[in-house]
>>> print(open('protein_18.pdb').read())   # PDB, C-alpha atoms, pLDDT in the B column
ATOM      1  CA  MET A   1       0.000   0.000   0.000  1.00 53.00           C
ATOM      2  CA  HIS A   2       2.853   2.362   0.844  1.00 60.00           C
ATOM      3  CA  LEU A   3       4.479   1.830  -2.588  1.00 60.00           C
ATOM      4  CA  THR A   4       1.174   2.369  -4.382  1.00 63.00           C
ATOM      5  CA  SER A   5       0.473   5.655  -2.585  1.00 64.00           C
ATOM      6  CA  THR A   6       4.023   6.851  -3.337  1.00 63.00           C
ATOM      7  CA  LEU A   7       3.615   6.070  -7.037  1.00 55.00           C
ATOM      8  CA  ILE A   8       0.233   7.822  -7.148  1.00 63.00           C
ATOM      9  CA  GLY A   9       1.761  10.867  -5.426  1.00 62.00           C
ATOM     10  CA  LEU A  10       4.615  10.993  -7.942  1.00 58.00           C
ATOM     11  CA  LEU A  11       2.156  10.675 -10.807  1.00 57.00           C
ATOM     12  CA  ILE A  12       0.069  13.583  -9.497  1.00 60.00           C
ATOM     13  CA  VAL A  13       3.174  15.772  -9.045  1.00 54.00           C
ATOM     14  CA  GLY A  14       4.443  14.781 -12.486  1.00 55.00           C
ATOM     15  CA  LEU A  15       1.176  15.720 -14.149  1.00 54.00           C
ATOM     16  CA  GLY A  16       1.259  19.115 -12.463  1.00 58.00           C
ATOM     17  CA  ILE A  17       4.616  20.023 -14.057  1.00 57.00           C
ATOM     18  CA  GLU A  18       4.184  22.037 -17.221  1.00 56.00           C
ATOM     19  CA  LEU A  19       6.475  20.621 -19.884  1.00 49.00           C
ATOM     20  CA  PRO A  20       7.748  22.836 -22.708  1.00 53.00           C
ATOM     21  CA  THR A  21       6.076  22.474 -26.071  1.00 52.00           C
ATOM     22  CA  PRO A  22       8.142  20.311 -28.384  1.00 52.00           C
ATOM     23  CA  CYS A  23       9.602  22.011 -31.443  1.00 48.00           C
ATOM     24  CA  ALA A  24      11.579  20.747 -34.423  1.00 50.00           C
ATOM     25  CA  ALA A  25      14.810  22.615 -33.682  1.00 48.00           C
ATOM     26  CA  GLN A  26      16.124  26.001 -32.686  1.00 49.00           C
ATOM     27  CA  PHE A  27      19.396  27.441 -33.881  1.00 48.00           C
ATOM     28  CA  TRP A  28      20.784  30.719 -32.665  1.00 48.00           C
ATOM     29  CA  LEU A  29      23.379  32.652 -34.617  1.00 47.00           C
ATOM     30  CA  LEU A  30      25.558  34.660 -32.289  1.00 45.00           C
ATOM     31  CA  ALA A  31      26.220  38.288 -33.175  1.00 45.00           C
ATOM     32  CA  ASN A  32      29.912  37.765 -32.390  1.00 48.00           C
ATOM     33  CA  PRO A  33      30.730  34.139 -33.187  1.00 47.00           C
ATOM     34  CA  ALA A  34      33.316  32.424 -31.058  1.00 45.00           C
ATOM     35  CA  PRO A  35      36.793  32.532 -32.613  1.00 62.00           C
ATOM     36  CA  GLN A  36      36.936  28.719 -32.694  1.00 75.00           C
ATOM     37  CA  TRP A  37      33.837  28.616 -34.913  1.00 81.00           C
ATOM     38  CA  TRP A  38      35.379  31.173 -37.210  1.00 83.00           C
ATOM     39  CA  ARG A  39      38.655  29.238 -37.327  1.00 83.00           C
ATOM     40  CA  ASN A  40      36.915  25.966 -38.267  1.00 86.00           C
ATOM     41  CA  GLU A  41      34.952  27.732 -41.014  1.00 87.00           C
ATOM     42  CA  ALA A  42      38.069  29.434 -42.398  1.00 86.00           C
ATOM     43  CA  LEU A  43      39.979  26.147 -42.413  1.00 86.00           C
ATOM     44  CA  ALA A  44      37.092  24.381 -44.189  1.00 86.00           C
ATOM     45  CA  LYS A  45      37.196  26.955 -47.014  1.00 85.00           C
ATOM     46  CA  ARG A  46      40.978  26.693 -47.401  1.00 87.00           C
ATOM     47  CA  PRO A  47      42.205  24.871 -50.513  1.00 87.00           C
ATOM     48  CA  SER A  48      43.781  21.466 -49.929  1.00 90.00           C
ATOM     49  CA  GLY A  49      47.200  22.409 -51.285  1.00 92.00           C
ATOM     50  CA  ILE A  50      47.597  18.920 -52.744  1.00 92.00           C
ATOM     51  CA  CYS A  51      49.020  18.699 -56.262  1.00 94.00           C
ATOM     52  CA  TYR A  52      49.175  15.667 -58.541  1.00 94.00           C
ATOM     53  CA  LYS A  53      51.493  14.493 -61.273  1.00 93.00           C
ATOM     54  CA  SER A  54      51.517  11.436 -63.494  1.00 91.00           C
ATOM     55  CA  LEU A  55      54.642   9.327 -63.796  1.00 88.00           C
ATOM     56  CA  THR A  56      55.471   6.477 -66.109  1.00 86.00           C
ATOM     57  CA  VAL A  57      57.289   3.660 -64.338  1.00 83.00           C
ATOM     58  CA  ASP A  58      58.841   0.417 -65.542  1.00 82.00           C
ATOM     59  CA  THR A  59      56.542  -2.544 -64.914  1.00 79.00           C
ATOM     60  CA  VAL A  60      56.010  -5.980 -66.375  1.00 82.00           C
ATOM     61  CA  ASN A  61      52.396  -5.167 -67.216  1.00 79.00           C
ATOM     62  CA  PRO A  62      52.331  -2.367 -69.831  1.00 74.00           C
ATOM     63  CA  ASN A  63      48.777  -1.384 -68.795  1.00 75.00           C
ATOM     64  CA  SER A  64      49.864  -0.362 -65.285  1.00 75.00           C
ATOM     65  CA  ARG A  65      52.815   1.893 -66.083  1.00 80.00           C
ATOM     66  CA  LYS A  66      51.105   5.193 -65.268  1.00 83.00           C
ATOM     67  CA  ARG A  67      51.088   6.259 -61.629  1.00 83.00           C
ATOM     68  CA  GLN A  68      49.467   9.328 -60.147  1.00 88.00           C
ATOM     69  CA  ILE A  69      51.574  10.826 -57.368  1.00 89.00           C
ATOM     70  CA  SER A  70      50.174  13.310 -54.846  1.00 91.00           C
ATOM     71  CA  TYR A  71      52.385  15.849 -53.107  1.00 92.00           C
ATOM     72  CA  CYS A  72      52.143  19.258 -51.436  1.00 93.00           C
ATOM     73  CA  CYS A  73      52.090  22.153 -53.888  1.00 94.00           C
ATOM     74  CA  ASP A  74      54.694  24.924 -53.807  1.00 95.00           C
ATOM     75  CA  ASP A  75      54.517  27.093 -50.667  1.00 94.00           C
ATOM     76  CA  TYR A  76      52.726  24.330 -48.735  1.00 94.00           C
ATOM     77  CA  VAL A  77      54.268  22.047 -46.110  1.00 94.00           C
ATOM     78  CA  ASN A  78      53.134  18.515 -45.218  1.00 94.00           C
ATOM     79  CA  GLU A  79      52.094  18.228 -41.565  1.00 92.00           C
ATOM     80  CA  GLY A  80      50.774  14.689 -42.067  1.00 89.00           C
ATOM     81  CA  ASN A  81      52.751  11.689 -43.256  1.00 87.00           C
ATOM     82  CA  SER A  82      53.536  10.059 -46.602  1.00 78.00           C
ATOM     83  CA  GLN A  83      50.253   8.109 -46.626  1.00 84.00           C
ATOM     84  CA  ASN A  84      48.002  10.899 -45.328  1.00 89.00           C
ATOM     85  CA  LEU A  85      48.938  14.293 -46.756  1.00 90.00           C
ATOM     86  CA  LYS A  86      47.972  17.336 -44.722  1.00 93.00           C
ATOM     87  CA  CYS A  87      49.277  20.240 -46.763  1.00 93.00           C
ATOM     88  CA  VAL A  88      49.297  23.518 -44.837  1.00 93.00           C
ATOM     89  CA  PRO A  89      50.025  26.855 -46.527  1.00 94.00           C
ATOM     90  CA  ILE A  90      53.107  28.800 -45.504  1.00 93.00           C
ATOM     91  CA  CYS A  91      52.579  32.401 -44.390  1.00 90.00           C
ATOM     92  CA  ARG A  92      55.868  34.213 -44.148  1.00 88.00           C
ATOM     93  CA  GLU A  93      54.394  37.050 -42.072  1.00 87.00           C
ATOM     94  CA  ASP A  94      53.041  36.633 -38.537  1.00 86.00           C
ATOM     95  CA  CYS A  95      49.563  35.085 -38.636  1.00 86.00           C
ATOM     96  CA  SER A  96      48.791  34.910 -34.908  1.00 86.00           C
ATOM     97  CA  ASN A  97      45.172  35.936 -34.165  1.00 88.00           C
ATOM     98  CA  GLY A  98      44.310  34.647 -37.625  1.00 90.00           C
ATOM     99  CA  VAL A  99      44.571  31.692 -39.997  1.00 91.00           C
ATOM    100  CA  CYS A 100      46.874  31.227 -42.961  1.00 92.00           C
ATOM    101  CA  ILE A 101      44.324  30.355 -45.664  1.00 92.00           C
ATOM    102  CA  ALA A 102      46.669  30.396 -48.673  1.00 93.00           C
ATOM    103  CA  PRO A 103      50.401  30.888 -49.177  1.00 93.00           C
ATOM    104  CA  GLY A 104      51.147  34.440 -48.052  1.00 89.00           C
ATOM    105  CA  ASN A 105      47.457  35.152 -47.298  1.00 90.00           C
ATOM    106  CA  CYS A 106      46.486  35.481 -43.647  1.00 90.00           C
ATOM    107  CA  GLU A 107      42.830  35.977 -42.669  1.00 90.00           C
ATOM    108  CA  CYS A 108      42.382  37.712 -39.323  1.00 90.00           C
ATOM    109  CA  ALA A 109      39.920  36.521 -36.684  1.00 90.00           C
ATOM    110  CA  PRO A 110      36.745  38.534 -35.995  1.00 90.00           C
ATOM    111  CA  GLY A 111      37.597  41.689 -34.061  1.00 89.00           C
ATOM    112  CA  TYR A 112      41.084  41.861 -35.607  1.00 90.00           C
ATOM    113  CA  ASP A 113      42.331  43.880 -38.562  1.00 89.00           C
ATOM    114  CA  ARG A 114      45.410  43.296 -40.738  1.00 88.00           C
ATOM    115  CA  ARG A 115      47.892  46.168 -40.210  1.00 88.00           C
ATOM    116  CA  ASP A 116      51.664  46.293 -40.503  1.00 87.00           C
ATOM    117  CA  GLY A 117      51.838  42.597 -41.400  1.00 84.00           C
ATOM    118  CA  LYS A 118      49.992  41.454 -38.242  1.00 87.00           C
ATOM    119  CA  CYS A 119      46.430  40.856 -37.069  1.00 88.00           C
ATOM    120  CA  ARG A 120      45.796  43.616 -34.540  1.00 88.00           C
ATOM    121  CA  ILE A 121      42.718  44.402 -32.447  1.00 87.00           C
ATOM    122  CA  GLU A 122      40.405  46.812 -34.290  1.00 81.00           C
TER
END
>>> encode(input="protein_18.pdb", output="structure tokens")
Amino acid sequence: MHLTSTLIGLLIVGLGIELPTPCAAQFWLLANPAPQWWRNEALAKRPSGICYKSLTVDTVNPNSRKRQISYCCDDYVNEGNSQNLKCVPICREDCSNGVCIAPGNCECAPGYDRRDGKCRIE
């Protein structure tokens, strides 16, 4: 009897709680997005920096002599390994408070402006 009355009491309390109306989804766009969001978006738009060339090699089978080789383009450096290329552009100027999106092209984070070769607070 004690368990039954406890369950009935919980049911009554639970029914008295007003639950929010369900909705499909809500997305809020911040007026000043977090720098990490900006960084991820800038990196996603950056070109891969991977170049390709075809080589002819000596093989027994004449149909398999062409090979396509991938490598980092000029002004890019490989931060991965030989099997997984991760070509990153080289910015010769300071790119702190920003992201190097192409060789010699630094994009400053929101709230920063490019002056005197550096990303400085606006």
>>> residues_around(input="protein_18.pdb", residues="Ile69 (chain A)", least_positions_apart="5", cutoff="10 Å", atoms="only C-alpha atoms", output="list in words")
Cys51, Tyr52, Lys53, Ser54 and Leu55 of chain A
>>> atom_distance(input="protein_18.pdb", atom1="CA of Gly104 (chain A)", atom2="CA of Cys72 (chain A)")
15.6 Å
>>> residues_around(input="protein_18.pdb", residues="Lys118 (chain A)", least_positions_apart="5", cutoff="10 Å", atoms="all atoms listed in the file", output="compact mmCIF listing (two decimals) with C-alpha atoms, in the frame of the given file")
# COMPACT_ATOMS: atom_id res chain seq x y z
CA GLU A 93 54.39 37.05 -42.07
CA ASP A 94 53.04 36.63 -38.54
CA CYS A 95 49.56 35.08 -38.64
CA SER A 96 48.79 34.91 -34.91
CA ASN A 97 45.17 35.94 -34.16
CA GLY A 98 44.31 34.65 -37.62
CA CYS A 106 46.49 35.48 -43.65
CA CYS A 108 42.38 37.71 -39.32
CA TYR A 112 41.08 41.86 -35.61
CA ASP A 113 42.33 43.88 -38.56
>>> atom_distance(input="protein_18.pdb", atom1="CA of Ser82 (chain A)", atom2="CA of Thr59 (chain A)")
22.4 Å
>>> resolve_selection(input="protein_18.pdb", expression="the PyMOL selection byres ((chain A and resi 89) around 6)", output="compact mmCIF listing (two decimals) with C-alpha atoms, in the coordinates of the input")
# COMPACT_ATOMS: atom_id res chain seq x y z
CA TYR A 76 52.73 24.33 -48.74
CA VAL A 88 49.30 23.52 -44.84
CA ILE A 90 53.11 28.80 -45.50
CA ALA A 102 46.67 30.40 -48.67
CA PRO A 103 50.40 30.89 -49.18
>>> axis_aligned_box(input="protein_18.pdb", around="region 49-56 of chain A", padding_each_side="6 Å", output="AutoDock Vina command-line options")
--center_x 51.3 --center_y 14.4 --center_z -58.7 --size_x 20.3 --size_y 27.9 --size_z 26.8
>>> closest_residue(input="protein_18.pdb", among="A:Tyr71, A:Arg114, A:Cys119, A:Ile101", to="Glu41 (chain A)", atoms="only C-alpha atoms")
A:Ile101
>>> closest_residue(input="protein_18.pdb", among="A:Asn63, A:Ala109, A:Gly117, A:Trp38", to="Cys91 (chain A)", atoms="only C-alpha atoms")
A:Gly117
>>> atom_distance(input="protein_18.pdb", atom1="CA of Cys87 (chain A)", atom2="CA of Gly49 (chain A)")
5.4 Å
>>> closest_residue(input="protein_18.pdb", among="A:Val77, A:Ala42, A:Gly111, A:Ile121", to="Val99 (chain A)", atoms="all atoms listed in the file")
A:Ala42
